[in-house]
Amino acid sequence: MSSNGMPNGSNGDDGQNGVDMRFNSRTLYDGNDRAGARAMMKGIGFTDEDLKKPIIGIANTWIETMPCNYNLRRLAEVVKKGVRAAGGTPMEFNTVAISDGVTMGTEGMKTSLISREVIADSVELVGRGHMFDGIIALGACDKTLPGLAMALARLNVPSFCLYGGSILPGFWHGKEVTIRSVYEAIGANAAGKMSDEDLMDLENVACPGAGACGGQYTANTMAMAMEFLGMSPLGTASPPAVDPRKEEVGEKAGALIMDLLRRNLRPSDILTRKAFENAIAGVCASGGSTNAVLHLLALAREADVELSIDDFDDISQRTPLIADLMPGGKYAAADLDKAGGIQLVAQRMVDAGLLDGSCPTPTGRSLGEEAGLATETAGQDVVHAVADPIKKTGGLHILKGNLAPNGAVVKLFGYERTYHKGPARVFNSEHEASIAVHDRKINAGDIVVIRYEGPRGGPGMQEMLGVTAAIVGQGLGDSVALITDGRFSGATRGLMVGHVAPEAQVGGPIAALREGDQVIIDAENRVLSVELTDDEIAARLRDWTAPTLRYKNGVMAKYAMLVRQADQGATTLLVDDLADNLS
């Protein structure tokens, strides 16, 4: 036996310390009784020598339905090259991905959050079935990184995530633009404030190539969170997707996974309570997406780390907002890369005691040591000094009250109003609300309420960027608010409150709202309420009947029956939970 308790062996030995790195794969490929498995692998080009090396799964989310993940096929090739050069045998496999930006505002949008669970389940299945010794998981669009990380936590083999990179910003009329610009332009066009020709011109330049949406939207938020967690090597996410440095990152990742195997470093060594606090602080300091609340809660559950929705508010209140990134700020993710990258944000925060720099990372160096290697570009103003923040507290606020007893989430950059009281304009689907907004039926002072779009009611908590961007595009962003039991794109800005829990479908108080009820959003005091007494709400709910679920079979129906509420990460249930949820 080796000093770390792993069995010694001549195959897969790193030649230095006697550690057998074939933790799992020897079960599939060693011995006369495994000749059938070897024969099948030889049929597609693997050799005896290949199968005696550690087998590294390359979990890829490449897909041709969006720019976000489009470069991952090429990235996988250079990652595999790095694995081979470092003495391993890579085996690539693929899973699904859904584009939020492409499906936005349609029934297809409901599949996006559900895809997180499918990604996690499918990668787990392949990993368990094919017994990889280590895994590099390639992701980009919104649900891929959290879904991949959830699978890695379950499998608990040496592994990490690698981000495909941000898209470069487009330029229109001398300004940087992103996909959010297009959605806001749709609203402006509907309001007669932008011509069809200008809308088409903007559409043609907003997405200039491959890569994930270009602000601190959900994909880039989760890429930063994974680095602060230690589930991705610090600094690997910053180079944009089309930057030649991304291929260098890929090759180095291939070598790094072999080093991870030698050290036998696993997700269970990385995913601690302190690591999650670091990730949340990174989201808050960068004005990151509200979707991070769902995803970090879900990942913490997989890692058996205690984390609640209230932790996000506590950490946000002690974390200054220091990164001037879209949608609230001026700069795209590519500008952060030029300024010094994600590692510069980490350096600022470690130096100020806002992150626990002792937490481990895949390289073997601590987060603080990795952050210390950051190089700041002279004159940059993307990342502020902690002593001179954009806002003294972070972007995330958790609201509670008689409309959201279990919580709701809003992201504020600092310039938005924090209080709004107005009449509820109640819609029972995103589609109904979208029609009303585009038909100019929403007035200054209104609070748009979109319900039955929660985890179960949607199902899948579709994003509301089409609606929120149209409101902003019509010039109503400063006078209209929105609340929903659905969720928002990371590109959403304004006083928009999502993740209301419990949702309407399960009889949450939002189901009791009626047209004209006076709703109060008080973000400063963390309150979301309606001017009704508890008895009035209860009386309305006694006369309420849950709508029939929208799907009767297939993956959508399964998810609706098994999903938990947004304040629990909208994860599917553990076996122990099933009896209560299905009763």
# chains A, B, ... in the order shown; residues from 1 in each chain; ligands from 1
call {"tool": "residues_around", "arguments": {"residues": "stretch 168-184 of chain A", "least_positions_apart": "6", "cutoff": "7 Å", "atoms": "only C-alpha atoms", "output": "list in words"}}
result
Leu202, Glu203, Val205, Ala206, Cys207, Pro208, Cys213, Gly214, Pro240, Ala332, Ala334, Gly466, Ala469, Ala470, Val472, Gly473 and Ala491 of chain A
call {"tool": "residues_around", "arguments": {"residues": "A:Ala279", "least_positions_apart": "2", "cutoff": "6 Å", "atoms": "only C-alpha atoms", "output": "PDB file with C-alpha atoms, in the first residue's frame"}}
result
ATOM      1  CA  ALA A 225     -18.024  31.264  -8.705  1.00  0.00           C
ATOM      2  CA  PHE A 228     -13.676  31.080  -6.111  1.00  0.00           C
ATOM      3  CA  LEU A 229     -15.017  27.698  -4.994  1.00  0.00           C
ATOM      4  CA  PHE A 276     -19.094  28.276  -0.711  1.00  0.00           C
ATOM      5  CA  GLU A 277     -18.843  31.497   1.266  1.00  0.00           C
ATOM      6  CA  ALA A 281     -18.801  36.705  -1.939  1.00  0.00           C
ATOM      7  CA  GLY A 282     -17.454  36.641  -5.503  1.00  0.00           C
TER       8      GLY A 282
END
call {"tool": "residues_around", "arguments": {"residues": "stretch 250-263 of chain A", "least_positions_apart": "5", "cutoff": "6 Å", "atoms": "only C-alpha atoms", "output": "count of residues only"}}
result
7
call {"tool": "atom_distance", "arguments": {"atom1": "atom CA of A:Pro459", "atom2": "atom CA of A:Ala512"}}
result
19.5 Å
call {"tool": "select_by_dssp", "arguments": {"residues": "stretch 354-512 of chain A", "states": "helix (DSSP H, G or I)", "output": "VMD selection string"}}
result
chain A and resid 367 to 371 430 to 438 465 to 473 504 to 506 509 to 512
call {"tool": "write_last_selection", "arguments": {"atoms": "N, CA and C atoms", "output": "tab-separated table (two decimals), in the first residue's frame"}}
result
chain	number	residue	atom	x	y	z
A	367	LEU	N	-6.14	29.45	-2.57
A	367	LEU	CA	-6.79	30.55	-3.30
A	367	LEU	C	-6.00	31.84	-3.12
A	368	GLY	N	-5.52	32.08	-1.91
A	368	GLY	CA	-4.74	33.29	-1.67
A	368	GLY	C	-3.45	33.31	-2.46
A	369	GLU	N	-2.78	32.16	-2.55
A	369	GLU	CA	-1.54	32.08	-3.33
A	369	GLU	C	-1.81	32.31	-4.81
A	370	GLU	N	-2.88	31.72	-5.32
A	370	GLU	CA	-3.23	31.92	-6.73
A	370	GLU	C	-3.60	33.38	-6.99
A	371	ALA	N	-4.39	33.97	-6.10
A	371	ALA	CA	-4.79	35.37	-6.27
A	371	ALA	C	-3.59	36.30	-6.24
A	430	GLU	N	-45.75	33.90	-18.17
A	430	GLU	CA	-44.85	34.86	-18.78
A	430	GLU	C	-45.41	35.34	-20.11
A	431	HIS	N	-46.05	34.44	-20.85
A	431	HIS	CA	-46.60	34.80	-22.16
A	431	HIS	C	-47.67	35.88	-22.03
A	432	GLU	N	-48.58	35.73	-21.05
A	432	GLU	CA	-49.62	36.75	-20.84
A	432	GLU	C	-48.99	38.11	-20.54
A	433	ALA	N	-47.99	38.11	-19.67
A	433	ALA	CA	-47.35	39.36	-19.31
A	433	ALA	C	-46.63	39.98	-20.50
A	434	SER	N	-45.99	39.15	-21.29
A	434	SER	CA	-45.26	39.64	-22.45
A	434	SER	C	-46.18	40.34	-23.43
A	435	ILE	N	-47.35	39.76	-23.66
A	435	ILE	CA	-48.32	40.38	-24.56
A	435	ILE	C	-48.74	41.75	-24.03
A	436	ALA	N	-49.01	41.82	-22.72
A	436	ALA	CA	-49.44	43.09	-22.12
A	436	ALA	C	-48.35	44.15	-22.23
A	437	VAL	N	-47.11	43.76	-22.00
A	437	VAL	CA	-46.01	44.72	-22.08
A	437	VAL	C	-45.85	45.21	-23.52
A	438	HIS	N	-45.84	44.29	-24.47
A	438	HIS	CA	-45.64	44.69	-25.87
A	438	HIS	C	-46.83	45.46	-26.43
A	465	LEU	N	-36.26	37.61	-19.15
A	465	LEU	CA	-35.52	38.70	-19.78
A	465	LEU	C	-36.31	39.38	-20.88
A	466	GLY	N	-37.09	38.61	-21.63
A	466	GLY	CA	-37.89	39.23	-22.69
A	466	GLY	C	-38.82	40.29	-22.14
A	467	VAL	N	-39.45	40.00	-20.99
A	467	VAL	CA	-40.37	40.96	-20.36
A	467	VAL	C	-39.61	42.10	-19.71
A	468	THR	N	-38.61	41.76	-18.89
A	468	THR	CA	-37.90	42.82	-18.16
A	468	THR	C	-37.16	43.75	-19.11
A	469	ALA	N	-36.56	43.19	-20.16
A	469	ALA	CA	-35.85	44.03	-21.12
A	469	ALA	C	-36.82	44.91	-21.90
A	470	ALA	N	-38.01	44.37	-22.20
A	470	ALA	CA	-39.01	45.18	-22.91
A	470	ALA	C	-39.48	46.35	-22.04
A	471	ILE	N	-39.64	46.10	-20.75
A	471	ILE	CA	-40.02	47.18	-19.82
A	471	ILE	C	-38.96	48.27	-19.82
A	472	VAL	N	-37.68	47.86	-19.73
A	472	VAL	CA	-36.59	48.83	-19.75
A	472	VAL	C	-36.53	49.54	-21.10
A	473	GLY	N	-36.68	48.77	-22.17
A	473	GLY	CA	-36.61	49.35	-23.50
A	473	GLY	C	-37.71	50.36	-23.78
A	504	ALA	N	-46.62	29.91	-6.66
A	504	ALA	CA	-48.08	29.89	-6.76
A	504	ALA	C	-48.63	28.48	-6.92
A	505	GLN	N	-47.95	27.64	-7.68
A	505	GLN	CA	-48.45	26.30	-7.99
A	505	GLN	C	-48.68	25.46	-6.73
A	506	VAL	N	-47.90	25.70	-5.69
A	506	VAL	CA	-48.05	24.92	-4.46
A	506	VAL	C	-48.81	25.69	-3.39
A	509	PRO	N	-48.36	32.41	-1.13
A	509	PRO	CA	-49.21	33.61	-1.06
A	509	PRO	C	-49.33	34.38	-2.37
A	510	ILE	N	-48.34	34.25	-3.27
A	510	ILE	CA	-48.43	34.94	-4.55
A	510	ILE	C	-49.65	34.47	-5.34
A	511	ALA	N	-50.14	33.25	-5.04
A	511	ALA	CA	-51.35	32.75	-5.70
A	511	ALA	C	-52.59	33.51	-5.27
A	512	ALA	N	-52.53	34.19	-4.12
A	512	ALA	CA	-53.70	34.90	-3.60
A	512	ALA	C	-53.82	36.32	-4.14
call {"tool": "closest_residue", "arguments": {"among": "A:Glu49, A:Asp356, A:Glu463, A:Asp335", "to": "A:Leu113", "atoms": "only C-alpha atoms"}}
result
A:Glu463
call {"tool": "closest_residue", "arguments": {"among": "A:Thr571, A:Thr236, A:Gln347, A:Thr548", "to": "A:Thr363", "atoms": "only C-alpha atoms"}}
result
A:Thr236
call {"tool": "select_by_dssp", "arguments": {"residues": "stretch 279-398 of chain A", "states": "strand (DSSP E or B)", "output": "number ranges by chain"}}
result
A: 321, 323, 325, 331, 360, 366, 383, 391, 396-398
call {"tool": "closest_residue", "arguments": {"among": "A:Ile442, A:Met91, A:Asp517, A:Asn428", "to": "A:Thr484", "atoms": "only C-alpha atoms"}}
result
A:Asn428
call {"tool": "closest_atom_pairs", "arguments": {"of": "stretch 472-530 of chain A", "to": "stretch 403-420 of chain A", "cutoff": "10 Å", "atoms": "only C-alpha atoms", "output": "tab-separated table"}}
result
residue	atom	partner	partner_atom	distance
A:Gly477	CA	A:Glu416	CA	9.2
A:Asp478	CA	A:Glu416	CA	7.5
A:Ser479	CA	A:His420	CA	8.4
A:Val480	CA	A:His420	CA	8.4
A:Ala481	CA	A:His420	CA	7.2
A:Ile483	CA	A:Ala408	CA	8.9
A:Thr484	CA	A:Ala408	CA	8.8
A:Asp485	CA	A:Ala408	CA	8.2
A:Arg487	CA	A:Val409	CA	8.9
A:Phe488	CA	A:Val410	CA	9.4
A:Gly490	CA	A:Lys411	CA	9.3
A:Thr492	CA	A:Lys411	CA	8.7
A:Arg493	CA	A:Lys411	CA	7.5
A:Gly494	CA	A:Glu416	CA	6.3
A:Leu495	CA	A:Glu416	CA	6.9
A:Met496	CA	A:Val410	CA	6.1
A:Val497	CA	A:Val410	CA	4.7
A:Gly498	CA	A:Val409	CA	5.3
A:His499	CA	A:Ala408	CA	5.0
A:Val500	CA	A:Ala408	CA	4.4
A:Ala501	CA	A:Asn406	CA	5.2
A:Pro502	CA	A:Asn406	CA	6.3
A:Glu503	CA	A:Ala404	CA	8.5
A:Gly508	CA	A:Ala404	CA	7.7
A:Pro509	CA	A:Leu403	CA	5.2
A:Ile510	CA	A:Leu403	CA	5.7
A:Ala511	CA	A:Leu403	CA	9.1
A:Ala512	CA	A:Leu403	CA	9.0
A:Leu513	CA	A:Leu403	CA	8.8
A:Val519	CA	A:His420	CA	8.1
A:Ile520	CA	A:His420	CA	5.9
A:Ile521	CA	A:His420	CA	5.2
A:Asp522	CA	A:Tyr419	CA	4.6
A:Ala523	CA	A:Thr418	CA	5.1
A:Glu524	CA	A:Thr418	CA	6.0
A:Asn525	CA	A:Thr418	CA	9.0
A:Arg526	CA	A:Ala408	CA	9.3
A:Val527	CA	A:Ala404	CA	8.7
A:Leu528	CA	A:Leu403	CA	6.0
A:Ser529	CA	A:Leu403	CA	4.9
A:Val530	CA	A:Leu403	CA	6.4
call {"tool": "residues_around", "arguments": {"residues": "A:Gly287", "least_positions_apart": "6", "cutoff": "7 Å", "atoms": "only C-alpha atoms", "output": "list of chain:residue names"}}
result
A:Leu321, A:Leu325, A:Gly394, A:Gly395, A:Phe413
call {"tool": "write_last_selection", "arguments": {"atoms": "all heavy atoms", "output": "short mmCIF file (atom, residue, chain, number, x, y, z; two decimals), in the first residue's frame"}}
result
data_model
loop_
_atom_site.label_atom_id
_atom_site.label_comp_id
_atom_site.auth_asym_id
_atom_site.auth_seq_id
_atom_site.Cartn_x
_atom_site.Cartn_y
_atom_site.Cartn_z
N LEU A 321 -19.48 45.82 -3.54
CA LEU A 321 -19.52 45.61 -4.99
C LEU A 321 -18.35 46.35 -5.60
O LEU A 321 -18.27 47.59 -5.50
CB LEU A 321 -20.85 46.13 -5.54
CG LEU A 321 -21.07 46.10 -7.05
CD1 LEU A 321 -21.05 44.68 -7.57
CD2 LEU A 321 -22.38 46.78 -7.42
N LEU A 325 -19.30 45.69 -13.91
CA LEU A 325 -19.61 44.80 -15.02
C LEU A 325 -21.09 44.88 -15.39
O LEU A 325 -21.95 45.08 -14.53
CB LEU A 325 -19.26 43.36 -14.65
CG LEU A 325 -17.76 43.09 -14.39
CD1 LEU A 325 -17.57 41.70 -13.81
CD2 LEU A 325 -16.97 43.24 -15.69
N GLY A 394 -23.03 44.10 -1.37
CA GLY A 394 -23.10 43.34 -2.61
C GLY A 394 -24.41 43.49 -3.34
O GLY A 394 -25.36 44.12 -2.86
N GLY A 395 -24.46 42.88 -4.51
CA GLY A 395 -25.62 43.06 -5.38
C GLY A 395 -26.85 42.27 -4.99
O GLY A 395 -27.97 42.61 -5.38
N PHE A 413 -27.61 47.08 -8.35
CA PHE A 413 -26.24 47.53 -8.60
C PHE A 413 -25.90 48.79 -7.81
O PHE A 413 -24.72 49.10 -7.64
CB PHE A 413 -26.04 47.79 -10.10
CG PHE A 413 -24.61 47.73 -10.52
CD1 PHE A 413 -23.97 46.50 -10.64
CD2 PHE A 413 -23.90 48.88 -10.80
CE1 PHE A 413 -22.63 46.44 -11.03
CE2 PHE A 413 -22.57 48.82 -11.20
CZ PHE A 413 -21.94 47.59 -11.31
#
call {"tool": "atom_distance", "arguments": {"atom1": "atom CA of A:Ala97", "atom2": "atom CA of A:Thr61"}}
result
6.1 Å
call {"tool": "residues_around", "arguments": {"residues": "A:Thr27", "least_positions_apart": "2", "cutoff": "12 Å", "atoms": "only C-alpha atoms", "output": "PyMOL selection string"}}
result
chain A and resi 22-25+29-35+37-38+51-52+54-55+128-133
call {"tool": "atom_distance", "arguments": {"atom1": "atom CA of A:Ile167", "atom2": "atom CA of A:Gly329"}}
result
17.3 Å
call {"tool": "decode", "arguments": {"residues": "stretch 341-355 of chain A", "atoms": "all heavy atoms", "output": "JSON list (two decimals), in the first residue's frame"}}
result
[["chain", "number", "residue", "atom", "x", "y", "z"],
["A", 341, "GLY", "N", -8.36, 40.18, -15.01],
["A", 341, "GLY", "CA", -9.09, 38.92, -14.91],
["A", 341, "GLY", "C", -9.75, 38.67, -13.57],
["A", 341, "GLY", "O", -9.68, 39.48, -12.64],
["A", 342, "ILE", "N", -10.40, 37.52, -13.51],
["A", 342, "ILE", "CA", -11.07, 37.10, -12.29],
["A", 342, "ILE", "C", -10.09, 37.06, -11.12],
["A", 342, "ILE", "O", -10.44, 37.38, -9.97],
["A", 342, "ILE", "CB", -11.73, 35.72, -12.50],
["A", 342, "ILE", "CG1", -12.92, 35.85, -13.47],
["A", 342, "ILE", "CG2", -12.19, 35.11, -11.18],
["A", 342, "ILE", "CD1", -13.50, 34.53, -13.91],
["A", 343, "GLN", "N", -8.84, 36.71, -11.41],
["A", 343, "GLN", "CA", -7.85, 36.62, -10.34],
["A", 343, "GLN", "C", -7.57, 37.97, -9.69],
["A", 343, "GLN", "O", -7.21, 38.03, -8.51],
["A", 343, "GLN", "CB", -6.56, 35.97, -10.85],
["A", 343, "GLN", "CG", -5.93, 36.62, -12.06],
["A", 343, "GLN", "CD", -6.43, 36.05, -13.38],
["A", 343, "GLN", "OE1", -7.63, 35.87, -13.58],
["A", 343, "GLN", "NE2", -5.51, 35.80, -14.30],
["A", 344, "LEU", "N", -7.77, 39.08, -10.43],
["A", 344, "LEU", "CA", -7.60, 40.41, -9.84],
["A", 344, "LEU", "C", -8.71, 40.68, -8.83],
["A", 344, "LEU", "O", -8.46, 41.25, -7.76],
["A", 344, "LEU", "CB", -7.59, 41.48, -10.93],
["A", 344, "LEU", "CG", -7.49, 42.93, -10.44],
["A", 344, "LEU", "CD1", -6.21, 43.15, -9.66],
["A", 344, "LEU", "CD2", -7.57, 43.90, -11.62],
["A", 345, "VAL", "N", -9.96, 40.27, -9.16],
["A", 345, "VAL", "CA", -11.05, 40.42, -8.20],
["A", 345, "VAL", "C", -10.73, 39.62, -6.94],
["A", 345, "VAL", "O", -10.91, 40.10, -5.81],
["A", 345, "VAL", "CB", -12.39, 39.94, -8.82],
["A", 345, "VAL", "CG1", -13.53, 40.09, -7.82],
["A", 345, "VAL", "CG2", -12.70, 40.72, -10.09],
["A", 346, "ALA", "N", -10.24, 38.40, -7.13],
["A", 346, "ALA", "CA", -9.90, 37.56, -5.98],
["A", 346, "ALA", "C", -8.78, 38.19, -5.16],
["A", 346, "ALA", "O", -8.82, 38.18, -3.91],
["A", 346, "ALA", "CB", -9.47, 36.17, -6.46],
["A", 347, "GLN", "N", -7.78, 38.75, -5.83],
["A", 347, "GLN", "CA", -6.66, 39.37, -5.11],
["A", 347, "GLN", "C", -7.15, 40.52, -4.23],
["A", 347, "GLN", "O", -6.77, 40.64, -3.06],
["A", 347, "GLN", "CB", -5.63, 39.88, -6.11],
["A", 347, "GLN", "CG", -4.37, 40.44, -5.47],
["A", 347, "GLN", "CD", -3.40, 40.97, -6.51],
["A", 347, "GLN", "OE1", -3.62, 42.05, -7.07],
["A", 347, "GLN", "NE2", -2.35, 40.21, -6.79],
["A", 348, "ARG", "N", -7.98, 41.39, -4.82],
["A", 348, "ARG", "CA", -8.54, 42.51, -4.04],
["A", 348, "ARG", "C", -9.26, 41.98, -2.79],
["A", 348, "ARG", "O", -9.09, 42.52, -1.69],
["A", 348, "ARG", "CB", -9.54, 43.28, -4.89],
["A", 348, "ARG", "CG", -8.97, 44.08, -6.04],
["A", 348, "ARG", "CD", -8.62, 45.50, -5.58],
["A", 348, "ARG", "NE", -8.57, 46.38, -6.72],
["A", 348, "ARG", "CZ", -7.50, 46.62, -7.48],
["A", 348, "ARG", "NH1", -6.37, 45.99, -7.23],
["A", 348, "ARG", "NH2", -7.56, 47.48, -8.48],
["A", 349, "MET", "N", -10.03, 40.94, -2.97],
["A", 349, "MET", "CA", -10.87, 40.45, -1.88],
["A", 349, "MET", "C", -10.07, 39.69, -0.82],
["A", 349, "MET", "O", -10.33, 39.82, 0.38],
["A", 349, "MET", "CB", -12.00, 39.59, -2.45],
["A", 349, "MET", "CG", -12.94, 40.35, -3.36],
["A", 349, "MET", "SD", -14.26, 39.33, -4.06],
["A", 349, "MET", "CE", -15.27, 39.08, -2.59],
["A", 350, "VAL", "N", -9.10, 38.90, -1.25],
["A", 350, "VAL", "CA", -8.24, 38.20, -0.29],
["A", 350, "VAL", "C", -7.47, 39.21, 0.54],
["A", 350, "VAL", "O", -7.38, 39.10, 1.78],
["A", 350, "VAL", "CB", -7.28, 37.23, -1.01],
["A", 350, "VAL", "CG1", -6.22, 36.72, -0.04],
["A", 350, "VAL", "CG2", -8.06, 36.06, -1.60],
["A", 351, "ASP", "N", -6.90, 40.22, -0.12],
["A", 351, "ASP", "CA", -6.12, 41.24, 0.60],
["A", 351, "ASP", "C", -6.96, 41.98, 1.62],
["A", 351, "ASP", "O", -6.44, 42.41, 2.66],
["A", 351, "ASP", "CB", -5.50, 42.23, -0.39],
["A", 351, "ASP", "CG", -4.38, 41.62, -1.23],
["A", 351, "ASP", "OD1", -3.92, 40.50, -0.89],
["A", 351, "ASP", "OD2", -3.97, 42.25, -2.22],
["A", 352, "ALA", "N", -8.25, 42.13, 1.34],
["A", 352, "ALA", "CA", -9.14, 42.86, 2.25],
["A", 352, "ALA", "C", -9.79, 41.94, 3.28],
["A", 352, "ALA", "O", -10.60, 42.42, 4.09],
["A", 352, "ALA", "CB", -10.21, 43.58, 1.44],
["A", 353, "GLY", "N", -9.46, 40.65, 3.25],
["A", 353, "GLY", "CA", -10.06, 39.73, 4.20],
["A", 353, "GLY", "C", -11.49, 39.35, 3.89],
["A", 353, "GLY", "O", -12.22, 38.85, 4.75],
["A", 354, "LEU", "N", -11.90, 39.55, 2.64],
["A", 354, "LEU", "CA", -13.27, 39.24, 2.23],
["A", 354, "LEU", "C", -13.41, 37.81, 1.71],
["A", 354, "LEU", "O", -14.52, 37.33, 1.49],
["A", 354, "LEU", "CB", -13.73, 40.22, 1.15],
["A", 354, "LEU", "CG", -13.80, 41.68, 1.58],
["A", 354, "LEU", "CD1", -14.01, 42.59, 0.38],
["A", 354, "LEU", "CD2", -14.91, 41.88, 2.61],
["A", 355, "LEU", "N", -12.28, 37.14, 1.45],
["A", 355, "LEU", "CA", -12.27, 35.74, 1.07],
["A", 355, "LEU", "C", -11.33, 35.00, 2.00],
["A", 355, "LEU", "O", -10.37, 35.56, 2.52],
["A", 355, "LEU", "CB", -11.74, 35.56, -0.37],
["A", 355, "LEU", "CG", -12.52, 36.16, -1.53],
["A", 355, "LEU", "CD1", -11.78, 35.88, -2.84],
["A", 355, "LEU", "CD2", -13.93, 35.61, -1.60]]
